[in-house]
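Presented below is the structure to which this report refers.
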Amino acid sequence: MNLAQKSCIALSLISAALGFAQERSPLNGKLVSGFGDLEGVYVINRTAKTETNTTRGGYFTINVAVNDTLIFSALQFKAVDVPLTPELVAKELLLVPIEPQAHELSELIINDYSHINSESLGLVPAGQKQYTPAERKLNTASNWKMNPLGLDPIINAFSGRTKMLMQAADVEKKYDLMEKIAYIYTEEDIVSKLKIPLDYVQGFIYYIVENKYFAKAIAEKNHELARFMITGLAGKYLLLLKE
């Protein structure tokens with residue numbers, strides 16, 4: 001094959017390639033989805049090895065020809081392949097449905113931060129007494145150590161505010177005890193195991209929290225003793241109901 005023949009073949013190949021490229025025309029399209037942001041999705045013409053990105057609202061324009069294949073890909077969506085038929089290429093606006101991609105977590109780790117408190121963070125000395133909100137108000141109003149510069153303890157004692165705060169702190173402690181009873185005996189347990197009538201369960205709980213020995217057992221986290229005491233108090237409460 002001489003040089004002239006080779007040149008003719010090369011020119012023919014170039015002309016065919018240019019003609020093939022010229023056959024492609026712009027195709028306007030839009031992604032359709034009820035979820036997520038449709039901007040920035042890759043639109044790839046796999047046949048022509050060209051690509052673009054969708055704009056706001058999921059709109060795109062890319063050069064295509066019949067029998068090309070478009071690929072739509074993004075992290076948040078499932079990839080979609082669209083083979084272009086003559087009907088699709090002829091559309092003024094090609095609508096392409098796309099679905100969100102579900103990402104499954106391989107492991108869920110729940111960290112327990114209940115041990116983190118003011119003591120563990122070094123904000124207060126270890127072993128220092130912790131006050132509830134009601135106790136703090138009471139100590140500020142009645143204790144010189146908590147309020148060394150003011151006359152509040154004297155004024156509050158005469159005005160009756162100290163007594164009121166003492167009652168509030170006492171009520172708060174009893175509510176705290178009532179919540180802790182639920183961890184030892186549920187309402188169903190009190191009825192089925194302790195034989196307390198359902199209508200008297202709440203009264204029985206009030207009866208328990210008035211017992212200072214039970215309160216001490218709970219404060220010392222001696223749940224076995226607390227459970228034993230609840231059983232004994234149940235017997236006494238049933239006798240009171242009979243009387």
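We name chains A, B, ... following the order of the structure tokens; residues begin at 1 in each chain, and ligands are numbered from 1 as shown.
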> What lies within 12 Å of Thr50 in chain A using only C-alpha atoms, ignoring chain neighbours under 4 positions off, as a PyMOL selection string?
Replying inline: chain A and resi 21+24+42-46+61-64+68-71
Write a file of the just-selected residues containing C-alpha atoms, as an mmCIF file, in the first residue's frame.
data_model
loop_
_atom_site.group_PDB
_atom_site.id
_atom_site.type_symbol
_atom_site.label_atom_id
_atom_site.label_comp_id
_atom_site.auth_asym_id
_atom_site.auth_seq_id
_atom_site.Cartn_x
_atom_site.Cartn_y
_atom_site.Cartn_z
ATOM 1 C CA ALA A 21 -19.912 13.511 15.647
ATOM 2 C CA ARG A 24 -25.296 14.154 17.579
ATOM 3 C CA TYR A 42 -23.786 13.273 36.730
ATOM 4 C CA VAL A 43 -25.239 12.822 33.225
ATOM 5 C CA ILE A 44 -22.875 10.621 31.182
ATOM 6 C CA ASN A 45 -23.165 9.677 27.528
ATOM 7 C CA ARG A 46 -21.457 6.299 27.758
ATOM 8 C CA THR A 61 -28.481 19.337 28.170
ATOM 9 C CA ILE A 62 -26.148 16.855 26.465
ATOM 10 C CA ASN A 63 -25.326 15.923 22.864
ATOM 11 C CA VAL A 64 -26.770 12.555 21.867
ATOM 12 C CA ASP A 68 -26.500 6.205 22.660
ATOM 13 C CA THR A 69 -26.844 5.269 26.363
ATOM 14 C CA LEU A 70 -27.141 7.900 29.076
ATOM 15 C CA ILE A 71 -26.141 7.150 32.672
#
>> Taking only C-alpha atoms into account, name the residue in A:His223, A:Gly58, A:Phe72, A:Leu84 that is nearest to Leu27 in chain A.
In response: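 That would be A:Leu84, the residue with the smallest distance to Leu27 in chain A.
CA of Ala79 in chain A lies 7.9 Å from CA of Ile98 in chain A.
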>> Taking only range 68-100 of chain A into account, list the residues labelled helix (DSSP H, G or I) by DSSP (computed from the backbone), as a ChimeraX atom specification.
In response: /A:86-89
Within 9 Å of Phe204 in chain A, counting only C-alpha atoms, which residues qualify if same-chain residues fewer than 4 places away don't, as a PDB file with C-alpha atoms, in the first residue's frame?
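After the write, selection_16.pdb holds the following:
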ATOM      1  CA  ILE A 196     -53.047  -4.565  96.875  1.00  0.00           C
ATOM      2  CA  TYR A 200     -55.525   1.535  96.298  1.00  0.00           C
ATOM      3  CA  ILE A 208     -44.421   3.568 101.351  1.00  0.00           C
ATOM      4  CA  VAL A 209     -42.625   6.863 100.692  1.00  0.00           C
ATOM      5  CA  LEU A 233     -45.435  -2.618 104.387  1.00  0.00           C
ATOM      6  CA  ALA A 234     -47.930  -4.238 102.020  1.00  0.00           C
ATOM      7  CA  TYR A 237     -51.357  -1.514 104.490  1.00  0.00           C
TER       8      TYR A 237
END
> Of the candidates A:Lys30, A:Leu177, A:Val191, A:Glu92, which one gets nearest to Asn211 in chain A if we count only C-alpha atoms?
Replying inline: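 Once distances to Asn211 in chain A are computed over only C-alpha atoms, the minimum belongs to A:Leu177.
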>> Rounded to one decimal, what separation in Å do you get between CA of Ala182 in chain A and CA of Lys236 in chain A?
In response: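 Computing the Euclidean distance for CA of Ala182 in chain A and CA of Lys236 in chain A yields 19.9 Å.
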> Which of these, A:Ala74, A:Met178, A:Ala65, A:Leu240, has the shortest distance to Asn53 in chain A once you count only C-alpha atoms?
Replying inline: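 Looking only at the distances to Asn53 in chain A, the closest residue turns out to be A:Ala74.
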List the neighbours of Ile181 in chain A out to 10 Å using only C-alpha atoms; skip same-chain residues closer than 2 positions along the sequence, and give me the result as a PDB file with N, CA and C atoms, in the first residue's frame.
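Written out: result-v4.pdb:
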ATOM      1  N   TYR A 175     -41.451  12.410  95.549  1.00  0.00           N
ATOM      2  CA  TYR A 175     -41.693  12.105  94.139  1.00  0.00           C
ATOM      3  C   TYR A 175     -40.547  11.286  93.559  1.00  0.00           C
ATOM      4  N   ASP A 176     -39.326  11.596  93.995  1.00  0.00           N
ATOM      5  CA  ASP A 176     -38.166  10.839  93.538  1.00  0.00           C
ATOM      6  C   ASP A 176     -38.260   9.397  94.016  1.00  0.00           C
ATOM      7  N   LEU A 177     -38.695   9.206  95.267  1.00  0.00           N
ATOM      8  CA  LEU A 177     -38.876   7.848  95.797  1.00  0.00           C
ATOM      9  C   LEU A 177     -39.950   7.098  95.022  1.00  0.00           C
ATOM     10  N   MET A 178     -41.039   7.793  94.690  1.00  0.00           N
ATOM     11  CA  MET A 178     -42.128   7.154  93.952  1.00  0.00           C
ATOM     12  C   MET A 178     -41.659   6.659  92.590  1.00  0.00           C
ATOM     13  N   GLU A 179     -40.800   7.433  91.945  1.00  0.00           N
ATOM     14  CA  GLU A 179     -40.270   7.013  90.656  1.00  0.00           C
ATOM     15  C   GLU A 179     -39.372   5.779  90.806  1.00  0.00           C
ATOM     16  N   TYR A 183     -39.127   1.005  89.635  1.00  0.00           N
ATOM     17  CA  TYR A 183     -38.063   0.120  89.181  1.00  0.00           C
ATOM     18  C   TYR A 183     -38.045  -1.190  89.979  1.00  0.00           C
ATOM     19  N   ILE A 184     -38.631  -1.178  91.167  1.00  0.00           N
ATOM     20  CA  ILE A 184     -38.644  -2.370  92.007  1.00  0.00           C
ATOM     21  C   ILE A 184     -39.917  -3.182  91.777  1.00  0.00           C
ATOM     22  N   TYR A 185     -41.068  -2.502  91.813  1.00  0.00           N
ATOM     23  CA  TYR A 185     -42.360  -3.147  91.596  1.00  0.00           C
ATOM     24  C   TYR A 185     -43.186  -2.303  90.631  1.00  0.00           C
ATOM     25  N   THR A 186     -43.676  -2.933  89.569  1.00  0.00           N
ATOM     26  CA  THR A 186     -44.603  -2.241  88.685  1.00  0.00           C
ATOM     27  C   THR A 186     -45.992  -2.262  89.312  1.00  0.00           C
ATOM     28  N   GLU A 187     -46.915  -1.500  88.737  1.00  0.00           N
ATOM     29  CA  GLU A 187     -48.289  -1.490  89.242  1.00  0.00           C
ATOM     30  C   GLU A 187     -48.898  -2.881  89.178  1.00  0.00           C
ATOM     31  N   ILE A 205     -48.446   3.477  97.411  1.00  0.00           N
ATOM     32  CA  ILE A 205     -47.155   4.087  97.084  1.00  0.00           C
ATOM     33  C   ILE A 205     -46.893   5.300  97.966  1.00  0.00           C
ATOM     34  N   ILE A 208     -45.806   4.053 101.317  1.00  0.00           N
ATOM     35  CA  ILE A 208     -44.421   3.568 101.351  1.00  0.00           C
ATOM     36  C   ILE A 208     -43.437   4.727 101.500  1.00  0.00           C
ATOM     37  N   VAL A 209     -43.628   5.785 100.702  1.00  0.00           N
ATOM     38  CA  VAL A 209     -42.625   6.863 100.692  1.00  0.00           C
ATOM     39  C   VAL A 209     -42.614   7.642 102.005  1.00  0.00           C
ATOM     40  N   ILE A 218     -33.428   3.152 100.043  1.00  0.00           N
ATOM     41  CA  ILE A 218     -33.305   3.615  98.662  1.00  0.00           C
ATOM     42  C   ILE A 218     -32.095   4.522  98.510  1.00  0.00           C
ATOM     43  N   HIS A 223     -31.446  -2.223  97.283  1.00  0.00           N
ATOM     44  CA  HIS A 223     -32.725  -2.585  96.674  1.00  0.00           C
ATOM     45  C   HIS A 223     -33.307  -3.862  97.262  1.00  0.00           C
ATOM     46  N   ALA A 226     -35.020  -2.755 100.341  1.00  0.00           N
ATOM     47  CA  ALA A 226     -36.203  -1.984  99.947  1.00  0.00           C
ATOM     48  C   ALA A 226     -37.316  -2.914  99.492  1.00  0.00           C
ATOM     49  N   ARG A 227     -36.986  -3.944  98.730  1.00  0.00           N
ATOM     50  CA  ARG A 227     -37.990  -4.904  98.261  1.00  0.00           C
ATOM     51  C   ARG A 227     -38.615  -5.656  99.443  1.00  0.00           C
ATOM     52  N   ILE A 230     -40.967  -3.304 101.274  1.00  0.00           N
ATOM     53  CA  ILE A 230     -42.226  -3.098 100.560  1.00  0.00           C
ATOM     54  C   ILE A 230     -43.189  -4.249 100.832  1.00  0.00           C
TER      55      ILE A 230
END
> How many Å separate CA of Lys180 in chain A from CA of Asp199 in chain A?
Replying inline: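 Spanning CA of Lys180 in chain A to CA of Asp199 in chain A is a straight-line distance of 20.5 Å.
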Any idea what's packed within 12 Å of Ser33 in chain A, counting only C-alpha atoms, ignoring anything in its chain fewer than 4 positions away? Could you give it as a compact mmCIF listing (two decimals) with C-alpha atoms, in the first residue's frame?
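The result, written out as result25.txt:
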# COMPACT_ATOMS: atom_id res chain seq x y z
CA ASP A 37 -31.70 17.92 45.71
CA LEU A 38 -31.53 17.17 41.97
CA GLU A 39 -28.66 19.58 41.27
CA GLY A 57 -34.25 21.53 39.49
CA GLY A 58 -32.57 18.57 37.76
CA GLN A 76 -27.82 9.98 46.98
CA PHE A 77 -29.63 8.34 44.03
CA LYS A 78 -29.72 4.93 42.38
CA LEU A 95 -38.14 13.26 31.76
CA VAL A 96 -36.01 10.73 33.67
CA PRO A 97 -37.42 9.27 36.93
CA ILE A 98 -34.75 8.70 39.57
CA GLU A 99 -35.00 7.04 42.99
CA PRO A 100 -33.15 7.86 46.24
CA GLN A 101 -30.39 5.53 47.32
> Pick the closest to Val80 in chain A from A:Glu210, A:Thr47, A:Lys216, A:Val41: which is it, counting only C-alpha atoms?
Replying inline: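 Among the listed residues, the smallest separation from Val80 in chain A belongs to A:Val41.
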